[in-house]
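Pasting structure.txt here (compact mmCIF, C-alpha atoms):
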```
# COMPACT_ATOMS: atom_id res chain seq x y z
CA MET A 136 70.31 35.98 -192.56
CA SER A 137 73.61 36.09 -190.67
CA GLN A 138 75.19 38.82 -188.60
CA LEU A 139 78.89 39.43 -187.99
CA ALA A 140 80.49 38.64 -184.64
CA GLN A 141 83.71 40.40 -183.68
CA PHE A 142 86.07 39.43 -180.85
CA ASN A 143 89.36 41.02 -179.94
CA ILE A 144 91.69 40.84 -177.00
CA GLY A 145 94.49 43.01 -175.71
CA ILE A 146 96.94 43.00 -172.83
CA ILE A 147 96.94 46.35 -171.05
CA LYS A 148 100.27 47.76 -169.89
CA ALA A 149 98.98 48.82 -166.47
CA PRO A 150 95.82 48.67 -164.35
CA MET A 151 92.86 50.54 -165.85
CA ASP A 152 92.90 53.14 -163.05
CA SER A 153 96.60 53.96 -163.52
CA PRO A 154 97.93 57.16 -165.15
CA THR A 155 99.34 55.00 -167.98
CA MET A 156 95.83 53.95 -168.98
CA SER A 157 94.08 57.29 -168.42
CA GLY A 158 94.02 58.24 -172.12
CA PHE A 159 92.36 54.94 -172.95
CA ALA A 160 90.03 54.77 -169.95
CA SER A 161 88.82 58.35 -170.38
CA ASN A 162 87.70 57.60 -173.95
CA LEU A 163 85.90 54.30 -173.35
CA ASP A 164 82.41 55.69 -172.77
CA ARG A 165 82.68 57.93 -175.83
CA ILE A 166 83.97 55.13 -178.07
CA ASN A 167 81.34 52.66 -176.84
CA ALA A 168 78.59 55.25 -177.40
CA LEU A 169 79.93 55.86 -180.90
CA ALA A 170 79.85 52.12 -181.64
CA GLU A 171 76.29 51.83 -180.37
CA ALA A 172 75.22 54.80 -182.53
CA THR A 173 76.90 53.47 -185.67
CA PRO A 174 74.43 52.13 -188.25
CA GLY A 175 74.71 48.35 -188.28
CA PHE A 176 75.66 47.96 -184.62
CA VAL A 177 73.63 45.18 -182.96
CA TRP A 178 75.10 44.28 -179.55
CA ARG A 179 78.21 44.29 -177.38
CA LEU A 180 79.16 42.26 -174.34
CA GLN A 181 79.17 44.35 -171.19
CA THR A 182 78.41 44.19 -167.49
CA GLU A 183 75.12 45.48 -166.08
CA ASP A 184 76.74 48.89 -165.60
CA GLY A 185 77.93 49.02 -169.22
CA ASP A 186 81.58 48.18 -168.58
CA ALA A 187 83.33 45.46 -170.56
CA THR A 188 86.75 46.09 -168.99
CA GLY A 189 85.71 44.23 -165.84
CA ILE A 190 84.93 41.00 -167.72
CA ARG A 191 87.70 38.46 -167.33
CA ALA A 192 87.97 35.23 -169.32
CA PHE A 193 91.71 34.61 -169.18
CA ASP A 194 94.22 33.85 -166.44
CA ASP A 195 96.04 37.11 -167.18
CA PRO A 196 94.25 39.90 -165.25
CA ASN A 197 95.56 42.44 -167.78
CA MET A 198 93.83 40.75 -170.71
CA LEU A 199 90.85 42.82 -171.88
CA LEU A 200 88.28 41.52 -174.33
CA ASN A 201 85.72 43.01 -176.65
CA LEU A 202 82.86 41.00 -178.15
CA SER A 203 80.24 42.54 -180.41
CA VAL A 204 77.75 41.76 -183.18
CA TRP A 205 77.15 43.85 -186.31
CA GLN A 206 74.71 43.65 -189.20
CA ASP A 207 77.51 43.21 -191.71
CA LEU A 208 81.22 43.60 -192.36
CA GLU A 209 80.82 47.03 -193.94
CA SER A 210 79.16 48.47 -190.80
CA LEU A 211 81.95 47.24 -188.57
CA LYS A 212 84.62 48.50 -190.98
CA GLN A 213 82.95 51.91 -191.04
CA TYR A 214 83.17 52.12 -187.26
CA VAL A 215 86.69 50.71 -186.94
CA TYR A 216 88.38 52.55 -189.80
CA SER A 217 86.31 55.70 -190.46
CA SER A 218 85.53 57.18 -187.06
CA VAL A 219 87.18 58.56 -183.93
CA HIS A 220 87.93 54.91 -183.12
CA THR A 221 90.71 55.10 -185.73
CA ASP A 222 92.47 57.85 -183.76
CA LEU A 223 92.49 55.68 -180.64
CA MET A 224 93.73 52.66 -182.60
CA ARG A 225 96.73 54.71 -183.70
CA ARG A 226 97.62 55.17 -180.02
CA ARG A 227 97.13 51.54 -178.95
CA GLN A 228 100.86 50.99 -178.37
CA GLU A 229 100.62 53.50 -175.48
CA TRP A 230 98.18 51.24 -173.63
CA PHE A 231 98.50 47.70 -174.97
CA GLU A 232 101.33 45.21 -175.21
CA ARG A 233 102.26 44.07 -178.70
CA MET A 234 100.79 40.66 -179.46
CA ASN A 235 102.61 38.36 -181.86
CA GLU A 236 99.60 36.25 -182.74
CA ALA A 237 96.10 37.00 -183.96
CA HIS A 238 94.11 39.04 -181.46
CA LEU A 239 91.01 39.82 -183.54
CA VAL A 240 88.62 37.38 -185.18
CA LEU A 241 85.40 37.74 -187.15
CA TRP A 242 82.77 35.09 -187.88
CA TRP A 243 79.15 34.86 -189.00
CA VAL A 244 76.43 34.02 -186.48
CA PRO A 245 72.71 33.40 -187.03
CA HIS A 246 70.57 36.52 -186.87
CA GLY A 247 69.79 37.33 -183.23
CA ASN A 248 72.59 35.15 -181.84
CA ARG A 249 74.70 36.56 -179.02
CA PRO A 250 77.98 34.66 -179.04
CA SER A 251 79.48 33.52 -175.76
CA ILE A 252 83.02 34.17 -174.61
CA PRO A 253 83.95 30.46 -174.97
CA GLU A 254 82.62 30.50 -178.55
CA ALA A 255 84.67 33.63 -179.28
CA ILE A 256 87.82 32.11 -177.77
CA ASP A 257 87.27 28.97 -179.88
CA CYS A 258 87.01 31.09 -183.04
CA LEU A 259 90.20 32.97 -182.17
CA SER A 260 91.97 29.65 -181.52
CA MET A 261 90.73 28.35 -184.88
CA LEU A 262 92.06 31.43 -186.65
CA ARG A 263 95.41 31.06 -184.91
CA SER A 264 95.75 27.39 -185.81
CA LEU A 265 94.21 27.27 -189.30
CA GLY A 266 94.46 30.82 -190.59
CA PRO A 267 91.43 32.56 -192.10
CA THR A 268 88.53 30.21 -192.84
CA GLU A 269 84.81 30.61 -193.31
CA GLY A 270 84.38 30.03 -189.57
CA ALA A 271 87.06 32.45 -188.35
CA PHE A 272 88.50 35.26 -190.45
CA THR A 273 89.92 38.79 -190.43
CA PHE A 274 89.32 42.15 -192.07
CA GLN A 275 92.24 41.42 -194.39
CA HIS A 276 90.89 37.98 -195.39
CA PRO A 277 87.08 38.19 -195.11
CA PHE A 278 84.53 35.54 -195.92
CA HIS A 279 81.11 36.78 -196.89
CA SER A 280 77.86 35.61 -195.36
CA ARG A 281 75.88 32.96 -197.19
```
File written out as structure tokens:
Amino acid sequence: MSQLAQFNIGIIKAPMDSPTMSGFASNLDRINALAEATPGFVWRLQTEDGDATGIRAFDDPNMLLNLSVWQDLESLKQYVYSSVHTDLMRRRQEWFERMNEAHLVLWWVPHGNRPSIPEAIDCLSMLRSLGPTEGAFTFQHPFHSR
């Protein structure tokens, strides 16, 4: 049985400890706790102290990333679109630069797999170059697990 991996990136408008980012930064613990309490949540990439904002995988120091695994697409959709997370998403233009290319990708991984950052970046690159496929897709153009 497969599980759903999710990877998204964003370019913050200012350092995380700046007043510009305070509305985002002050909600991170609450939003992460909500994700972890959502039925279907499996895992998220984070440092030993529970912070994913300190993980850097790109040359741009303002590029944040989020990598997680969920039991299925419906669980992730429930969290993203039917929770307090939705309210924060509506405010994302306050904290994040607009990106003109895909910044979120979904793909199926074997049960128990914890995808790496390079794997996630490869999937995002595949989505950007090929569009939605079975190996890299979006909420709008999903592929279901086999």
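Neighbours of Ser157 in chain A closer than or equal to 12 Å, with all atoms listed in the file counted and sequence neighbours fewer than 5 positions away skipped, come out as A:Ile147, A:Lys148, A:Ala149, A:Pro150, A:Met151, A:Asp152, A:Asn162, A:Leu163, A:Glu229, A:Trp230.
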What's around Thr188 in chain A at 9 Å? Count only C-alpha atoms, leave out sequence neighbours fewer than 5 positions away in its own chain, and write the answer as a list in words.
Met151, Gln181, Thr182, Leu199, Leu200 and Asn201 of chain A
Keeping C-alpha atoms for every residue in the selection just given, could you write it to a file as a compact mmCIF listing (two decimals), in the coordinates of the input?
```
# COMPACT_ATOMS: atom_id res chain seq x y z
CA MET A 151 92.86 50.54 -165.85
CA GLN A 181 79.17 44.35 -171.19
CA THR A 182 78.41 44.19 -167.49
CA LEU A 199 90.85 42.82 -171.88
CA LEU A 200 88.28 41.52 -174.33
CA ASN A 201 85.72 43.01 -176.65
```
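Counting only C-alpha atoms, the residue from A:Leu139, A:Ala170, A:Gln206, A:Ser153 that sits nearest to Ser218 in chain A is A:Ala170.
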What are the closest atom pairs, with distances in Å to one decimal, for each residue of range 148-257 of chain A lying within 12 Å of range 266-270 of chain A, using all atoms listed in the file, rows by chain and rising residue number, as JSON lines?
```
{"residue": "A:Glu236", "atom": "CA", "partner": "A:Gly266", "partner_atom": "CA", "distance": 10.8}
{"residue": "A:Ala237", "atom": "CA", "partner": "A:Gly266", "partner_atom": "CA", "distance": 9.2}
{"residue": "A:Leu239", "atom": "CA", "partner": "A:Pro267", "partner_atom": "CA", "distance": 11.2}
{"residue": "A:Val240", "atom": "CA", "partner": "A:Pro267", "partner_atom": "CA", "distance": 8.9}
{"residue": "A:Leu241", "atom": "CA", "partner": "A:Gly270", "partner_atom": "CA", "distance": 8.1}
{"residue": "A:Trp242", "atom": "CA", "partner": "A:Gly270", "partner_atom": "CA", "distance": 5.6}
{"residue": "A:Trp243", "atom": "CA", "partner": "A:Gly270", "partner_atom": "CA", "distance": 7.1}
{"residue": "A:Val244", "atom": "CA", "partner": "A:Gly270", "partner_atom": "CA", "distance": 9.4}
{"residue": "A:Glu254", "atom": "CA", "partner": "A:Gly270", "partner_atom": "CA", "distance": 11.2}
{"residue": "A:Ala255", "atom": "CA", "partner": "A:Gly270", "partner_atom": "CA", "distance": 10.9}
{"residue": "A:Asp257", "atom": "CA", "partner": "A:Gly270", "partner_atom": "CA", "distance": 10.2}
```
Keeping only C-alpha atoms, take the residues you just selected and write them out as a PDB file, keeping the file's coordinate frame.
```pdb
ATOM      1  CA  GLU A 236      99.600  36.250-182.740  1.00  0.00           C
ATOM      2  CA  ALA A 237      96.100  37.000-183.960  1.00  0.00           C
ATOM      3  CA  LEU A 239      91.010  39.820-183.540  1.00  0.00           C
ATOM      4  CA  VAL A 240      88.620  37.380-185.180  1.00  0.00           C
ATOM      5  CA  LEU A 241      85.400  37.740-187.150  1.00  0.00           C
ATOM      6  CA  TRP A 242      82.770  35.090-187.880  1.00  0.00           C
ATOM      7  CA  TRP A 243      79.150  34.860-189.000  1.00  0.00           C
ATOM      8  CA  VAL A 244      76.430  34.020-186.480  1.00  0.00           C
ATOM      9  CA  GLU A 254      82.620  30.500-178.550  1.00  0.00           C
ATOM     10  CA  ALA A 255      84.670  33.630-179.280  1.00  0.00           C
ATOM     11  CA  ASP A 257      87.270  28.970-179.880  1.00  0.00           C
TER      12      ASP A 257
END
```
Do you know which residues are at most 12 Å from Val215 in chain A counting all atoms listed in the file, after dropping those on the same chain fewer than 5 positions away, and could you put them as a ChimeraX atom specification?
/A:141,166-167,169-170,173,176,205,208-210,220-225,274
Please provide as a list in words all residues within 8 Å of Trp178 in chain A, with the sequence filter that same-chain residues fewer than 2 positions apart are discarded (counting all atoms listed in the file).
Glu171, Phe176, Leu180, Ser203, Val204, Trp205 and Arg249 of chain A
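Between Ile256 in chain A and the candidates A:Phe159, A:Phe278, A:Phe142, A:Tyr216, the tightest atom-to-atom separation, counting all atoms listed in the file, involves A:Phe142.
When CA of Ala140 in chain A is paired with CA of Pro196 in chain A, their separation reads 23.8 Å.
Using all atoms listed in the file, the smallest distance between any of A:Ala192, A:Leu259, A:Leu202, A:Ile144 and Phe272 in chain A comes from A:Leu259.
The gap separating CA of Phe193 in chain A from CA of Gln213 in chain A is 29.2 Å, in Å to one decimal.
Comparing the minimum interatomic distances between Ala187 in chain A and each of A:Asp164, A:Pro154, A:Asn248, A:Phe231, counting all atoms listed in the file, we find that A:Asp164 sits nearest.
Nearest residue to Val177 in chain A, choosing from A:His238, A:Arg191, A:His246, A:Arg165 and counting all atoms listed in the file: A:His246.
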What is the CA of Tyr214 in chain A-CA of Asn143 in chain A distance in Å, reported with one decimal?
14.7 Å
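Of the listed residues (A:Arg179, A:Gly189, A:Asp207, A:Pro174), A:Asp207 comes nearest to Pro245 in chain A; the distances count only C-alpha atoms.
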What would range 153-170 of chain A look like with N, CA and C atoms restored, written as a PDB file, keeping the file's coordinate frame?
```pdb
ATOM      1  N   SER A 153      95.263  53.363-163.615  1.00  0.00           N
ATOM      2  CA  SER A 153      96.600  53.960-163.520  1.00  0.00           C
ATOM      3  C   SER A 153      96.731  55.138-164.485  1.00  0.00           C
ATOM      4  N   PRO A 154      97.688  56.045-164.220  1.00  0.00           N
ATOM      5  CA  PRO A 154      97.930  57.160-165.150  1.00  0.00           C
ATOM      6  C   PRO A 154      98.289  56.675-166.560  1.00  0.00           C
ATOM      7  N   THR A 155      98.977  55.548-166.667  1.00  0.00           N
ATOM      8  CA  THR A 155      99.340  55.000-167.980  1.00  0.00           C
ATOM      9  C   THR A 155      98.118  54.767-168.851  1.00  0.00           C
ATOM     10  N   MET A 156      97.035  54.318-168.235  1.00  0.00           N
ATOM     11  CA  MET A 156      95.830  53.950-168.980  1.00  0.00           C
ATOM     12  C   MET A 156      94.805  55.066-169.066  1.00  0.00           C
ATOM     13  N   SER A 157      95.101  56.234-168.498  1.00  0.00           N
ATOM     14  CA  SER A 157      94.080  57.290-168.420  1.00  0.00           C
ATOM     15  C   SER A 157      93.578  57.736-169.793  1.00  0.00           C
ATOM     16  N   GLY A 158      94.454  57.826-170.786  1.00  0.00           N
ATOM     17  CA  GLY A 158      94.020  58.240-172.120  1.00  0.00           C
ATOM     18  C   GLY A 158      93.069  57.246-172.757  1.00  0.00           C
ATOM     19  N   PHE A 159      93.259  55.982-172.453  1.00  0.00           N
ATOM     20  CA  PHE A 159      92.360  54.940-172.950  1.00  0.00           C
ATOM     21  C   PHE A 159      91.063  54.938-172.150  1.00  0.00           C
ATOM     22  N   ALA A 160      91.202  54.873-170.834  1.00  0.00           N
ATOM     23  CA  ALA A 160      90.030  54.770-169.950  1.00  0.00           C
ATOM     24  C   ALA A 160      89.096  55.966-170.107  1.00  0.00           C
ATOM     25  N   SER A 161      89.662  57.150-170.284  1.00  0.00           N
ATOM     26  CA  SER A 161      88.820  58.350-170.380  1.00  0.00           C
ATOM     27  C   SER A 161      88.037  58.412-171.681  1.00  0.00           C
ATOM     28  N   ASN A 162      88.402  57.605-172.656  1.00  0.00           N
ATOM     29  CA  ASN A 162      87.700  57.600-173.950  1.00  0.00           C
ATOM     30  C   ASN A 162      86.735  56.436-174.117  1.00  0.00           C
ATOM     31  N   LEU A 163      86.718  55.502-173.182  1.00  0.00           N
ATOM     32  CA  LEU A 163      85.900  54.300-173.350  1.00  0.00           C
ATOM     33  C   LEU A 163      84.410  54.585-173.521  1.00  0.00           C
ATOM     34  N   ASP A 164      83.843  55.402-172.657  1.00  0.00           N
ATOM     35  CA  ASP A 164      82.410  55.690-172.770  1.00  0.00           C
ATOM     36  C   ASP A 164      82.074  56.320-174.110  1.00  0.00           C
ATOM     37  N   ARG A 165      82.912  57.243-174.552  1.00  0.00           N
ATOM     38  CA  ARG A 165      82.680  57.930-175.830  1.00  0.00           C
ATOM     39  C   ARG A 165      82.774  56.948-176.997  1.00  0.00           C
ATOM     40  N   ILE A 166      83.775  56.080-176.976  1.00  0.00           N
ATOM     41  CA  ILE A 166      83.970  55.130-178.070  1.00  0.00           C
ATOM     42  C   ILE A 166      82.854  54.088-178.083  1.00  0.00           C
ATOM     43  N   ASN A 167      82.448  53.621-176.905  1.00  0.00           N
ATOM     44  CA  ASN A 167      81.340  52.660-176.840  1.00  0.00           C
ATOM     45  C   ASN A 167      80.037  53.292-177.314  1.00  0.00           C
ATOM     46  N   ALA A 168      79.795  54.546-176.942  1.00  0.00           N
ATOM     47  CA  ALA A 168      78.590  55.250-177.400  1.00  0.00           C
ATOM     48  C   ALA A 168      78.622  55.420-178.916  1.00  0.00           C
ATOM     49  N   LEU A 169      79.796  55.724-179.454  1.00  0.00           N
ATOM     50  CA  LEU A 169      79.930  55.860-180.900  1.00  0.00           C
ATOM     51  C   LEU A 169      79.621  54.533-181.593  1.00  0.00           C
ATOM     52  N   ALA A 170      80.143  53.439-181.056  1.00  0.00           N
ATOM     53  CA  ALA A 170      79.850  52.120-181.640  1.00  0.00           C
ATOM     54  C   ALA A 170      78.350  51.876-181.645  1.00  0.00           C
TER      55      ALA A 170
END
```
